[in-house]
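Heads up: the structure comes next, in structure tokens.
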Amino acid sequence: MSKTSARGRTTAGTIAAAIERLFEARTCITTAEVAAQAGISRQAAHSHLAKMVAKGEILQEGASRSTRYRRLASSERIYELKELDENEVWGNEKRVVRNLDPEVLEIKNVVQILNFAFTEMVNNAIDHSRGTYVLVRWFLKPDRITFEVEDDGVGAFATIREDRNLANDFEALGDLSKGKQTTDPNRHSGLGIFFTSRMVNRFLLSAGQISWTVDNEIDDVAWGWLHEPRTGTLVRCEIRRDTAVAPRDVYATLANPATGRFDKTTIHINLFKEHGDSFVSRTEAKAIGTRLEGFGEIELDFAGISEIGQGFADQLFRVWARENPSSRLIPVNANPAILAMIAAMRPRD
């Protein structure tokens with residue numbers, strides 16, 4: 001492999017990543033924005049975008065300085081949220097998908113995932129966004145089916161932050177990732193996003209200045225910072241046509257076999273930290289422990305965390321555990337130092 005070809009692939013990968021980040025923040029992007037995000041010249045950005053247009057990956061609109069680019073969707077429809085019913089929308093969109101790609105609706109487990117994930121995401125926009133409309137897009141590729149649900153509301157993280165008096169959107173993201181979290185408990189179980197993010201191959205939720213990605217193909221969770229705030233909320237779900245996952249599989253992994261209740265969850269500790277890779281305070285531990293009382297088994301994933309403090313470990317593994325004896329905290333992906341601190345704080349019995 002020559003240095004030139006390796007560098008070319010690296011540059012192309014950098015530009016592609018920059019374009020993906022920009023699309024997380026907005027529907028349309030410009031050459032100047034791609035150049036600034038990727039740290040390249042406008043000419044290089046324009047060349048890459050032109051190749052994507054030629055491949056049918058994006059659509060060019062306008063000309064000269066007003067040129068903008070957006071993802072080329074197989075279908076895009078807008079619905080007014082007032083008195084909208086998610087099942088009616090799904091009925092309409094199934095007809096759209098059937099006309100575009102009849103084979104999609106012949107894949108049993110894919111249809112089951114779509115039945116759940118699509119209606120849950122549209123319902124969230126209806127009940128929580130405080131917006132006026134929702135956009136539905138489909139991207140039907142040979143290897144995967146992708147849909148987007150985008151509203152013009154206040155944003156998912158802002159809604160959670162305001163409802164629970166949280167300090168910032170990062171705390172709201174941490175709460176959302178726990179599952180069973182809803183701002184309308186009389187009408188929702190709080191499991192819609194929780195289950196959807198585990199059924200699809202790749203899940204993206206972008207709102208305010210934060211994007212949250214759950215990539216089940218590589219078993220990874222990440223959040224990103226958007227340079228400009230997004231209006232409303234964008235949810236993007238990707239499902240491989242050959243996915244082996246079925247909704248019942250996801251239910252089974254998250255349900256307690258003894259009771260049948262959905263009382264298992266995984267908490268990715270790094271989602272609660274805006275900067276750095278260590279947790280030291282009781283306040284941070286209290287933020288993680290808040291609203292976990294309904295779970296019987298809680299897996300705490302310490303991937304990406306280098307150390308925890310005595311106060312943090314004591315608050316979670318002694319104080320919180322003592323106050324919630326029916327819940328079990330299970331640390332995973334923790335280094336020896338973290339495990340030693342947890343062991344030191346846990347009661348001897």
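Chain lettering (A, B, ...) mirrors the order of the structure tokens, residue numbering begins at 1 for each chain separately, and ligand numbering begins at 1 in order of display.
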Just list as a PDB file with N, CA and C atoms, in the first residue's frame whatever in segment 22-209 of chain A DSSP marks as alpha helix (DSSP H).
```
ATOM      1  N   LEU A  22     -22.172  16.966  10.515  1.00  0.00           N
ATOM      2  CA  LEU A  22     -22.969  18.114  10.090  1.00  0.00           C
ATOM      3  C   LEU A  22     -24.429  17.722   9.873  1.00  0.00           C
ATOM      4  N   PHE A  23     -24.658  16.552   9.285  1.00  0.00           N
ATOM      5  CA  PHE A  23     -26.030  16.111   9.064  1.00  0.00           C
ATOM      6  C   PHE A  23     -26.735  15.785  10.375  1.00  0.00           C
ATOM      7  N   GLU A  24     -25.987  15.484  11.417  1.00  0.00           N
ATOM      8  CA  GLU A  24     -26.598  15.285  12.727  1.00  0.00           C
ATOM      9  C   GLU A  24     -27.166  16.587  13.271  1.00  0.00           C
ATOM     10  N   ALA A  25     -26.587  17.706  12.839  1.00  0.00           N
ATOM     11  CA  ALA A  25     -27.006  19.003  13.352  1.00  0.00           C
ATOM     12  C   ALA A  25     -28.060  19.679  12.482  1.00  0.00           C
ATOM     13  N   THR A  31     -20.621  23.580   1.254  1.00  0.00           N
ATOM     14  CA  THR A  31     -19.212  23.265   1.033  1.00  0.00           C
ATOM     15  C   THR A  31     -18.343  23.911   2.103  1.00  0.00           C
ATOM     16  N   ALA A  32     -18.627  25.167   2.439  1.00  0.00           N
ATOM     17  CA  ALA A  32     -17.837  25.884   3.434  1.00  0.00           C
ATOM     18  C   ALA A  32     -17.902  25.199   4.791  1.00  0.00           C
ATOM     19  N   GLU A  33     -19.084  24.685   5.161  1.00  0.00           N
ATOM     20  CA  GLU A  33     -19.231  24.006   6.449  1.00  0.00           C
ATOM     21  C   GLU A  33     -18.433  22.708   6.476  1.00  0.00           C
ATOM     22  N   VAL A  34     -18.447  21.967   5.373  1.00  0.00           N
ATOM     23  CA  VAL A  34     -17.679  20.720   5.308  1.00  0.00           C
ATOM     24  C   VAL A  34     -16.188  21.016   5.404  1.00  0.00           C
ATOM     25  N   ALA A  35     -15.732  22.059   4.687  1.00  0.00           N
ATOM     26  CA  ALA A  35     -14.315  22.430   4.715  1.00  0.00           C
ATOM     27  C   ALA A  35     -13.875  22.793   6.128  1.00  0.00           C
ATOM     28  N   ALA A  36     -14.700  23.590   6.814  1.00  0.00           N
ATOM     29  CA  ALA A  36     -14.351  24.017   8.173  1.00  0.00           C
ATOM     30  C   ALA A  36     -14.369  22.839   9.141  1.00  0.00           C
ATOM     31  N   GLN A  37     -15.367  21.960   9.025  1.00  0.00           N
ATOM     32  CA  GLN A  37     -15.503  20.827   9.943  1.00  0.00           C
ATOM     33  C   GLN A  37     -14.367  19.828   9.756  1.00  0.00           C
ATOM     34  N   ALA A  38     -13.974  19.588   8.496  1.00  0.00           N
ATOM     35  CA  ALA A  38     -12.943  18.587   8.210  1.00  0.00           C
ATOM     36  C   ALA A  38     -11.537  19.163   8.200  1.00  0.00           C
ATOM     37  N   ARG A  42     -11.849  24.361   0.497  1.00  0.00           N
ATOM     38  CA  ARG A  42     -13.180  24.304  -0.096  1.00  0.00           C
ATOM     39  C   ARG A  42     -13.173  23.453  -1.363  1.00  0.00           C
ATOM     40  N   GLN A  43     -12.056  23.507  -2.092  1.00  0.00           N
ATOM     41  CA  GLN A  43     -11.965  22.722  -3.322  1.00  0.00           C
ATOM     42  C   GLN A  43     -12.047  21.227  -3.008  1.00  0.00           C
ATOM     43  N   ALA A  44     -11.333  20.794  -1.964  1.00  0.00           N
ATOM     44  CA  ALA A  44     -11.365  19.382  -1.581  1.00  0.00           C
ATOM     45  C   ALA A  44     -12.759  18.983  -1.097  1.00  0.00           C
ATOM     46  N   ALA A  45     -13.388  19.872  -0.334  1.00  0.00           N
ATOM     47  CA  ALA A  45     -14.740  19.595   0.157  1.00  0.00           C
ATOM     48  C   ALA A  45     -15.719  19.490  -1.012  1.00  0.00           C
ATOM     49  N   HIS A  46     -15.593  20.426  -1.969  1.00  0.00           N
ATOM     50  CA  HIS A  46     -16.488  20.419  -3.129  1.00  0.00           C
ATOM     51  C   HIS A  46     -16.310  19.139  -3.943  1.00  0.00           C
ATOM     52  N   SER A  47     -15.062  18.714  -4.118  1.00  0.00           N
ATOM     53  CA  SER A  47     -14.779  17.499  -4.884  1.00  0.00           C
ATOM     54  C   SER A  47     -15.425  16.283  -4.229  1.00  0.00           C
ATOM     55  N   HIS A  48     -15.314  16.172  -2.908  1.00  0.00           N
ATOM     56  CA  HIS A  48     -15.897  15.035  -2.199  1.00  0.00           C
ATOM     57  C   HIS A  48     -17.421  15.064  -2.305  1.00  0.00           C
ATOM     58  N   LEU A  49     -18.015  16.234  -2.126  1.00  0.00           N
ATOM     59  CA  LEU A  49     -19.469  16.353  -2.217  1.00  0.00           C
ATOM     60  C   LEU A  49     -19.963  16.028  -3.621  1.00  0.00           C
ATOM     61  N   ALA A  50     -19.214  16.452  -4.641  1.00  0.00           N
ATOM     62  CA  ALA A  50     -19.594  16.167  -6.025  1.00  0.00           C
ATOM     63  C   ALA A  50     -19.608  14.659  -6.289  1.00  0.00           C
ATOM     64  N   LYS A  51     -18.650  13.941  -5.716  1.00  0.00           N
ATOM     65  CA  LYS A  51     -18.613  12.486  -5.873  1.00  0.00           C
ATOM     66  C   LYS A  51     -19.821  11.842  -5.189  1.00  0.00           C
ATOM     67  N   MET A  52     -20.212  12.362  -4.036  1.00  0.00           N
ATOM     68  CA  MET A  52     -21.377  11.826  -3.341  1.00  0.00           C
ATOM     69  C   MET A  52     -22.653  12.084  -4.134  1.00  0.00           C
ATOM     70  N   VAL A  53     -22.730  13.248  -4.793  1.00  0.00           N
ATOM     71  CA  VAL A  53     -23.881  13.554  -5.650  1.00  0.00           C
ATOM     72  C   VAL A  53     -23.929  12.563  -6.812  1.00  0.00           C
ATOM     73  N   ALA A  54     -22.771  12.320  -7.438  1.00  0.00           N
ATOM     74  CA  ALA A  54     -22.705  11.398  -8.578  1.00  0.00           C
ATOM     75  C   ALA A  54     -23.116   9.984  -8.192  1.00  0.00           C
ATOM     76  N   GLU A  86     -49.920   7.992  15.534  1.00  0.00           N
ATOM     77  CA  GLU A  86     -48.731   7.317  15.012  1.00  0.00           C
ATOM     78  C   GLU A  86     -49.067   6.067  14.193  1.00  0.00           C
ATOM     79  N   ASN A  87     -50.161   5.391  14.536  1.00  0.00           N
ATOM     80  CA  ASN A  87     -50.542   4.188  13.787  1.00  0.00           C
ATOM     81  C   ASN A  87     -51.048   4.547  12.386  1.00  0.00           C
ATOM     82  N   GLU A  88     -51.708   5.697  12.285  1.00  0.00           N
ATOM     83  CA  GLU A  88     -52.147   6.162  10.972  1.00  0.00           C
ATOM     84  C   GLU A  88     -50.936   6.515  10.100  1.00  0.00           C
ATOM     85  N   VAL A  89     -49.941   7.173  10.730  1.00  0.00           N
ATOM     86  CA  VAL A  89     -48.719   7.516   9.995  1.00  0.00           C
ATOM     87  C   VAL A  89     -48.014   6.248   9.524  1.00  0.00           C
ATOM     88  N   TRP A  90     -47.910   5.248  10.397  1.00  0.00           N
ATOM     89  CA  TRP A  90     -47.246   3.993  10.032  1.00  0.00           C
ATOM     90  C   TRP A  90     -47.991   3.299   8.897  1.00  0.00           C
ATOM     91  N   GLY A  91     -49.320   3.352   8.920  1.00  0.00           N
ATOM     92  CA  GLY A  91     -50.099   2.777   7.834  1.00  0.00           C
ATOM     93  C   GLY A  91     -49.786   3.452   6.510  1.00  0.00           C
ATOM     94  N   ASN A  92     -49.689   4.791   6.521  1.00  0.00           N
ATOM     95  CA  ASN A  92     -49.343   5.532   5.303  1.00  0.00           C
ATOM     96  C   ASN A  92     -47.938   5.186   4.826  1.00  0.00           C
ATOM     97  N   GLU A  93     -47.008   5.142   5.774  1.00  0.00           N
ATOM     98  CA  GLU A  93     -45.611   4.932   5.403  1.00  0.00           C
ATOM     99  C   GLU A  93     -45.340   3.489   4.955  1.00  0.00           C
ATOM    100  N   LYS A  94     -46.085   2.545   5.475  1.00  0.00           N
ATOM    101  CA  LYS A  94     -45.948   1.172   4.995  1.00  0.00           C
ATOM    102  C   LYS A  94     -46.310   1.076   3.516  1.00  0.00           C
ATOM    103  N   ARG A  95     -47.340   1.816   3.118  1.00  0.00           N
ATOM    104  CA  ARG A  95     -47.716   1.822   1.703  1.00  0.00           C
ATOM    105  C   ARG A  95     -46.605   2.447   0.860  1.00  0.00           C
ATOM    106  N   VAL A  96     -45.977   3.496   1.399  1.00  0.00           N
ATOM    107  CA  VAL A  96     -44.869   4.144   0.692  1.00  0.00           C
ATOM    108  C   VAL A  96     -43.716   3.149   0.508  1.00  0.00           C
ATOM    109  N   VAL A  97     -43.345   2.473   1.585  1.00  0.00           N
ATOM    110  CA  VAL A  97     -42.244   1.511   1.527  1.00  0.00           C
ATOM    111  C   VAL A  97     -42.581   0.364   0.583  1.00  0.00           C
ATOM    112  N   ARG A  98     -43.819  -0.113   0.633  1.00  0.00           N
ATOM    113  CA  ARG A  98     -44.224  -1.222  -0.239  1.00  0.00           C
ATOM    114  C   ARG A  98     -44.087  -0.835  -1.714  1.00  0.00           C
ATOM    115  N   ASN A  99     -44.440   0.404  -2.050  1.00  0.00           N
ATOM    116  CA  ASN A  99     -44.336   0.853  -3.434  1.00  0.00           C
ATOM    117  C   ASN A  99     -42.882   1.014  -3.868  1.00  0.00           C
ATOM    118  N   LEU A 100     -42.025   1.452  -2.920  1.00  0.00           N
ATOM    119  CA  LEU A 100     -40.617   1.688  -3.260  1.00  0.00           C
ATOM    120  C   LEU A 100     -39.797   0.408  -3.275  1.00  0.00           C
ATOM    121  N   LYS A 108     -39.706 -10.717   7.978  1.00  0.00           N
ATOM    122  CA  LYS A 108     -40.567 -10.735   9.159  1.00  0.00           C
ATOM    123  C   LYS A 108     -40.000  -9.949  10.334  1.00  0.00           C
ATOM    124  N   ASN A 109     -38.766 -10.242  10.736  1.00  0.00           N
ATOM    125  CA  ASN A 109     -38.256  -9.567  11.939  1.00  0.00           C
ATOM    126  C   ASN A 109     -37.983  -8.086  11.686  1.00  0.00           C
ATOM    127  N   VAL A 110     -37.634  -7.715  10.454  1.00  0.00           N
ATOM    128  CA  VAL A 110     -37.444  -6.294  10.128  1.00  0.00           C
ATOM    129  C   VAL A 110     -38.766  -5.544  10.266  1.00  0.00           C
ATOM    130  N   VAL A 111     -39.837  -6.136   9.770  1.00  0.00           N
ATOM    131  CA  VAL A 111     -41.156  -5.509   9.891  1.00  0.00           C
ATOM    132  C   VAL A 111     -41.564  -5.382  11.358  1.00  0.00           C
ATOM    133  N   GLN A 112     -41.262  -6.409  12.153  1.00  0.00           N
ATOM    134  CA  GLN A 112     -41.582  -6.349  13.584  1.00  0.00           C
ATOM    135  C   GLN A 112     -40.825  -5.215  14.271  1.00  0.00           C
ATOM    136  N   ILE A 113     -39.549  -5.057  13.911  1.00  0.00           N
ATOM    137  CA  ILE A 113     -38.757  -3.958  14.479  1.00  0.00           C
ATOM    138  C   ILE A 113     -39.320  -2.615  14.046  1.00  0.00           C
ATOM    139  N   LEU A 114     -39.651  -2.496  12.759  1.00  0.00           N
ATOM    140  CA  LEU A 114     -40.212  -1.245  12.251  1.00  0.00           C
ATOM    141  C   LEU A 114     -41.546  -0.930  12.912  1.00  0.00           C
ATOM    142  N   ASN A 115     -42.392  -1.937  13.090  1.00  0.00           N
ATOM    143  CA  ASN A 115     -43.681  -1.725  13.759  1.00  0.00           C
ATOM    144  C   ASN A 115     -43.493  -1.040  15.104  1.00  0.00           C
ATOM    145  N   PHE A 116     -42.512  -1.525  15.862  1.00  0.00           N
ATOM    146  CA  PHE A 116     -42.277  -0.969  17.198  1.00  0.00           C
ATOM    147  C   PHE A 116     -41.533   0.357  17.116  1.00  0.00           C
ATOM    148  N   ALA A 117     -40.358   0.343  16.486  1.00  0.00           N
ATOM    149  CA  ALA A 117     -39.466   1.504  16.514  1.00  0.00           C
ATOM    150  C   ALA A 117     -40.086   2.729  15.846  1.00  0.00           C
ATOM    151  N   PHE A 118     -40.683   2.554  14.669  1.00  0.00           N
ATOM    152  CA  PHE A 118     -41.233   3.698  13.948  1.00  0.00           C
ATOM    153  C   PHE A 118     -42.379   4.336  14.721  1.00  0.00           C
ATOM    154  N   THR A 119     -43.325   3.518  15.186  1.00  0.00           N
ATOM    155  CA  THR A 119     -44.473   4.096  15.891  1.00  0.00           C
ATOM    156  C   THR A 119     -44.057   4.747  17.207  1.00  0.00           C
ATOM    157  N   GLU A 120     -43.078   4.169  17.903  1.00  0.00           N
ATOM    158  CA  GLU A 120     -42.617   4.760  19.165  1.00  0.00           C
ATOM    159  C   GLU A 120     -41.962   6.120  18.921  1.00  0.00           C
ATOM    160  N   MET A 121     -41.141   6.232  17.877  1.00  0.00           N
ATOM    161  CA  MET A 121     -40.452   7.494  17.625  1.00  0.00           C
ATOM    162  C   MET A 121     -41.415   8.583  17.155  1.00  0.00           C
ATOM    163  N   VAL A 122     -42.401   8.216  16.346  1.00  0.00           N
ATOM    164  CA  VAL A 122     -43.408   9.200  15.939  1.00  0.00           C
ATOM    165  C   VAL A 122     -44.260   9.608  17.132  1.00  0.00           C
ATOM    166  N   ASN A 123     -44.604   8.633  17.974  1.00  0.00           N
ATOM    167  CA  ASN A 123     -45.396   8.947  19.164  1.00  0.00           C
ATOM    168  C   ASN A 123     -44.657   9.896  20.100  1.00  0.00           C
ATOM    169  N   ASN A 124     -43.336   9.719  20.238  1.00  0.00           N
ATOM    170  CA  ASN A 124     -42.562  10.640  21.064  1.00  0.00           C
ATOM    171  C   ASN A 124     -42.674  12.066  20.544  1.00  0.00           C
ATOM    172  N   ALA A 125     -42.616  12.234  19.214  1.00  0.00           N
ATOM    173  CA  ALA A 125     -42.744  13.563  18.625  1.00  0.00           C
ATOM    174  C   ALA A 125     -44.123  14.147  18.902  1.00  0.00           C
ATOM    175  N   ILE A 126     -45.150  13.298  18.817  1.00  0.00           N
ATOM    176  CA  ILE A 126     -46.519  13.762  19.048  1.00  0.00           C
ATOM    177  C   ILE A 126     -46.719  14.207  20.490  1.00  0.00           C
ATOM    178  N   ASP A 127     -46.271  13.387  21.426  1.00  0.00           N
ATOM    179  CA  ASP A 127     -46.590  13.608  22.843  1.00  0.00           C
ATOM    180  C   ASP A 127     -45.602  14.488  23.595  1.00  0.00           C
ATOM    181  N   HIS A 128     -44.357  14.587  23.123  1.00  0.00           N
ATOM    182  CA  HIS A 128     -43.337  15.260  23.925  1.00  0.00           C
ATOM    183  C   HIS A 128     -42.664  16.461  23.268  1.00  0.00           C
ATOM    184  N   ALA A 156     -35.406  16.927  22.708  1.00  0.00           N
ATOM    185  CA  ALA A 156     -35.602  15.874  23.708  1.00  0.00           C
ATOM    186  C   ALA A 156     -34.858  16.148  25.006  1.00  0.00           C
ATOM    187  N   PHE A 157     -33.597  16.577  24.909  1.00  0.00           N
ATOM    188  CA  PHE A 157     -32.801  16.772  26.120  1.00  0.00           C
ATOM    189  C   PHE A 157     -33.298  17.974  26.920  1.00  0.00           C
ATOM    190  N   ALA A 158     -33.726  19.021  26.214  1.00  0.00           N
ATOM    191  CA  ALA A 158     -34.265  20.197  26.904  1.00  0.00           C
ATOM    192  C   ALA A 158     -35.552  19.836  27.651  1.00  0.00           C
ATOM    193  N   THR A 159     -36.388  19.003  27.030  1.00  0.00           N
ATOM    194  CA  THR A 159     -37.637  18.580  27.673  1.00  0.00           C
ATOM    195  C   THR A 159     -37.357  17.829  28.963  1.00  0.00           C
ATOM    196  N   ILE A 160     -36.423  16.884  28.912  1.00  0.00           N
ATOM    197  CA  ILE A 160     -36.080  16.100  30.109  1.00  0.00           C
ATOM    198  C   ILE A 160     -35.419  16.985  31.158  1.00  0.00           C
ATOM    199  N   ARG A 161     -34.519  17.851  30.721  1.00  0.00           N
ATOM    200  CA  ARG A 161     -33.807  18.735  31.655  1.00  0.00           C
ATOM    201  C   ARG A 161     -34.783  19.633  32.414  1.00  0.00           C
ATOM    202  N   GLU A 162     -35.734  20.224  31.687  1.00  0.00           N
ATOM    203  CA  GLU A 162     -36.701  21.125  32.325  1.00  0.00           C
ATOM    204  C   GLU A 162     -37.641  20.370  33.248  1.00  0.00           C
ATOM    205  N   ASP A 163     -38.082  19.192  32.832  1.00  0.00           N
ATOM    206  CA  ASP A 163     -39.035  18.425  33.630  1.00  0.00           C
ATOM    207  C   ASP A 163     -38.428  17.955  34.944  1.00  0.00           C
ATOM    208  N   ARG A 164     -37.126  17.639  34.936  1.00  0.00           N
ATOM    209  CA  ARG A 164     -36.491  17.054  36.125  1.00  0.00           C
ATOM    210  C   ARG A 164     -35.524  18.006  36.821  1.00  0.00           C
ATOM    211  N   ASP A 169     -27.876  19.418  29.572  1.00  0.00           N
ATOM    212  CA  ASP A 169     -28.365  18.387  28.657  1.00  0.00           C
ATOM    213  C   ASP A 169     -27.610  17.066  28.797  1.00  0.00           C
ATOM    214  N   PHE A 170     -26.372  17.111  29.304  1.00  0.00           N
ATOM    215  CA  PHE A 170     -25.627  15.876  29.500  1.00  0.00           C
ATOM    216  C   PHE A 170     -26.276  15.031  30.586  1.00  0.00           C
ATOM    217  N   GLU A 171     -26.758  15.673  31.633  1.00  0.00           N
ATOM    218  CA  GLU A 171     -27.479  14.934  32.670  1.00  0.00           C
ATOM    219  C   GLU A 171     -28.779  14.360  32.107  1.00  0.00           C
ATOM    220  N   ALA A 172     -29.432  15.116  31.215  1.00  0.00           N
ATOM    221  CA  ALA A 172     -30.659  14.625  30.583  1.00  0.00           C
ATOM    222  C   ALA A 172     -30.372  13.400  29.728  1.00  0.00           C
ATOM    223  N   LEU A 173     -29.258  13.427  28.992  1.00  0.00           N
ATOM    224  CA  LEU A 173     -28.858  12.273  28.192  1.00  0.00           C
ATOM    225  C   LEU A 173     -28.605  11.065  29.082  1.00  0.00           C
ATOM    226  N   GLY A 174     -27.917  11.280  30.197  1.00  0.00           N
ATOM    227  CA  GLY A 174     -27.663  10.186  31.129  1.00  0.00           C
ATOM    228  C   GLY A 174     -28.946   9.577  31.635  1.00  0.00           C
ATOM    229  N   ASP A 175     -29.923  10.404  31.973  1.00  0.00           N
ATOM    230  CA  ASP A 175     -31.208   9.903  32.447  1.00  0.00           C
ATOM    231  C   ASP A 175     -31.932   9.125  31.349  1.00  0.00           C
ATOM    232  N   LEU A 176     -31.921   9.678  30.137  1.00  0.00           N
ATOM    233  CA  LEU A 176     -32.612   9.025  29.029  1.00  0.00           C
ATOM    234  C   LEU A 176     -32.028   7.649  28.740  1.00  0.00           C
ATOM    235  N   SER A 177     -30.722   7.517  28.880  1.00  0.00           N
ATOM    236  CA  SER A 177     -30.062   6.251  28.549  1.00  0.00           C
ATOM    237  C   SER A 177     -30.382   5.145  29.549  1.00  0.00           C
ATOM    238  N   LYS A 178     -30.941   5.495  30.714  1.00  0.00           N
ATOM    239  CA  LYS A 178     -31.240   4.489  31.725  1.00  0.00           C
ATOM    240  C   LYS A 178     -32.421   3.605  31.336  1.00  0.00           C
ATOM    241  N   GLY A 192     -39.807   3.199  25.228  1.00  0.00           N
ATOM    242  CA  GLY A 192     -39.798   3.304  23.777  1.00  0.00           C
ATOM    243  C   GLY A 192     -38.417   3.496  23.195  1.00  0.00           C
ATOM    244  N   ILE A 193     -37.729   4.542  23.619  1.00  0.00           N
ATOM    245  CA  ILE A 193     -36.376   4.803  23.138  1.00  0.00           C
ATOM    246  C   ILE A 193     -35.428   3.726  23.631  1.00  0.00           C
ATOM    247  N   PHE A 194     -35.616   3.294  24.867  1.00  0.00           N
ATOM    248  CA  PHE A 194     -34.760   2.269  25.467  1.00  0.00           C
ATOM    249  C   PHE A 194     -34.741   1.005  24.609  1.00  0.00           C
ATOM    250  N   PHE A 195     -35.918   0.497  24.245  1.00  0.00           N
ATOM    251  CA  PHE A 195     -35.989  -0.707  23.425  1.00  0.00           C
ATOM    252  C   PHE A 195     -35.550  -0.454  21.990  1.00  0.00           C
ATOM    253  N   THR A 196     -35.992   0.663  21.420  1.00  0.00           N
ATOM    254  CA  THR A 196     -35.652   0.964  20.024  1.00  0.00           C
ATOM    255  C   THR A 196     -34.150   1.019  19.826  1.00  0.00           C
ATOM    256  N   SER A 197     -33.444   1.668  20.764  1.00  0.00           N
ATOM    257  CA  SER A 197     -31.992   1.815  20.625  1.00  0.00           C
ATOM    258  C   SER A 197     -31.271   0.483  20.675  1.00  0.00           C
ATOM    259  N   ARG A 198     -31.954  -0.570  21.146  1.00  0.00           N
ATOM    260  CA  ARG A 198     -31.333  -1.888  21.235  1.00  0.00           C
ATOM    261  C   ARG A 198     -31.815  -2.840  20.141  1.00  0.00           C
ATOM    262  N   MET A 199     -32.929  -2.498  19.489  1.00  0.00           N
ATOM    263  CA  MET A 199     -33.450  -3.347  18.418  1.00  0.00           C
ATOM    264  C   MET A 199     -32.754  -3.084  17.089  1.00  0.00           C
TER     265      MET A 199
END
```
Among the residues of segment 38-229 of chain A, find those DSSP assigns to strand (DSSP E) from the backbone and print them as a ChimeraX atom specification. /A:58-61,68-71,75-80,133-140,144-151,202-215,220-229
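For the residues A:Phe302, A:Trp320, A:Tyr251, A:Trp225, ranking by smallest atom-to-atom distance to Ala287 of chain A using only C-alpha atoms places A:Trp320 first.
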Using only C-alpha atoms, which protein or nucleic acid residues come within 7 Å of segment 226-234 of chain A? Drop anything in the same chain fewer than 2 positions from it, and give the result as a PyMOL selection string. chain A and resi 25-26+148-156+205-210+224+236
Please save N, CA and C atoms of the selected residues as a short mmCIF file (atom, residue, chain, number, x, y, z; two decimals), in the first residue's frame.
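For reference, selection_3.cif as written:
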```
data_model
loop_
_atom_site.label_atom_id
_atom_site.label_comp_id
_atom_site.auth_asym_id
_atom_site.auth_seq_id
_atom_site.Cartn_x
_atom_site.Cartn_y
_atom_site.Cartn_z
N ALA A 25 -26.59 17.71 12.84
CA ALA A 25 -27.01 19.00 13.35
C ALA A 25 -28.06 19.68 12.48
N ARG A 26 -28.06 19.39 11.17
CA ARG A 26 -28.98 20.08 10.28
C ARG A 26 -29.30 19.23 9.06
N GLU A 148 -35.84 8.22 9.31
CA GLU A 148 -35.61 9.37 10.18
C GLU A 148 -36.95 9.97 10.58
N VAL A 149 -37.04 10.38 11.82
CA VAL A 149 -38.19 11.12 12.33
C VAL A 149 -37.64 12.41 12.92
N GLU A 150 -38.04 13.54 12.35
CA GLU A 150 -37.51 14.83 12.77
C GLU A 150 -38.66 15.78 13.08
N ASP A 151 -38.61 16.43 14.25
CA ASP A 151 -39.65 17.40 14.59
C ASP A 151 -39.04 18.78 14.79
N ASP A 152 -39.89 19.77 14.96
CA ASP A 152 -39.43 21.16 15.14
C ASP A 152 -39.70 21.65 16.55
N GLY A 153 -39.70 20.73 17.52
CA GLY A 153 -40.04 21.09 18.89
C GLY A 153 -38.87 21.66 19.68
N VAL A 154 -38.94 21.53 21.01
CA VAL A 154 -37.95 22.14 21.90
C VAL A 154 -36.70 21.28 22.06
N GLY A 155 -36.78 20.04 21.66
CA GLY A 155 -35.62 19.15 21.78
C GLY A 155 -35.77 18.18 22.94
N ALA A 156 -35.41 16.93 22.71
CA ALA A 156 -35.60 15.87 23.71
C ALA A 156 -34.86 16.15 25.01
N LEU A 205 -29.85 9.82 18.12
CA LEU A 205 -30.77 10.86 18.57
C LEU A 205 -29.98 12.14 18.72
N SER A 206 -30.42 13.18 18.01
CA SER A 206 -29.71 14.46 18.01
C SER A 206 -30.67 15.57 18.40
N ALA A 207 -30.29 16.37 19.41
CA ALA A 207 -31.12 17.48 19.87
C ALA A 207 -30.24 18.50 20.58
N GLY A 208 -30.62 19.76 20.52
CA GLY A 208 -29.78 20.79 21.12
C GLY A 208 -28.41 20.76 20.50
N GLN A 209 -27.37 20.58 21.32
CA GLN A 209 -26.02 20.49 20.80
C GLN A 209 -25.38 19.12 21.07
N ILE A 210 -26.23 18.11 21.33
CA ILE A 210 -25.72 16.79 21.64
C ILE A 210 -26.29 15.75 20.68
N GLY A 224 -21.76 13.06 20.96
CA GLY A 224 -20.97 14.07 20.27
C GLY A 224 -21.52 15.45 20.54
N ARG A 236 -32.66 8.83 14.02
CA ARG A 236 -32.31 8.05 12.83
C ARG A 236 -32.09 6.60 13.24
#
```
In terms of the shortest atom-to-atom distance over only C-alpha atoms, which of A:Gly289, A:Gly56, A:Pro247, A:Gly304 is closest to Asn270 of chain A? A:Gly304
For Thr243 of chain A, list every protein, DNA or RNA residue within 10 Å, evaluated using only C-alpha atoms, and leave out those in the same chain fewer than 2 positions away; present the list as a compact mmCIF listing (two decimals) with C-alpha atoms, in the first residue's frame.
```txt
# COMPACT_ATOMS: atom_id res chain seq x y z
CA ILE A 107 -38.66 -9.70 6.04
CA ASN A 109 -38.26 -9.57 11.94
CA VAL A 110 -37.44 -6.29 10.13
CA ASP A 143 -28.03 -3.72 2.60
CA ARG A 144 -30.17 -1.75 5.08
CA MET A 199 -33.45 -3.35 18.42
CA VAL A 200 -31.96 -1.44 15.49
CA ASN A 201 -28.39 -1.84 14.24
CA GLU A 217 -23.02 -3.60 15.27
CA ILE A 239 -31.68 -1.77 10.32
CA ARG A 240 -29.71 -4.29 8.30
CA ARG A 241 -31.85 -6.34 5.95
CA VAL A 245 -32.46 -9.53 15.89
CA ALA A 246 -36.17 -9.82 16.64
```
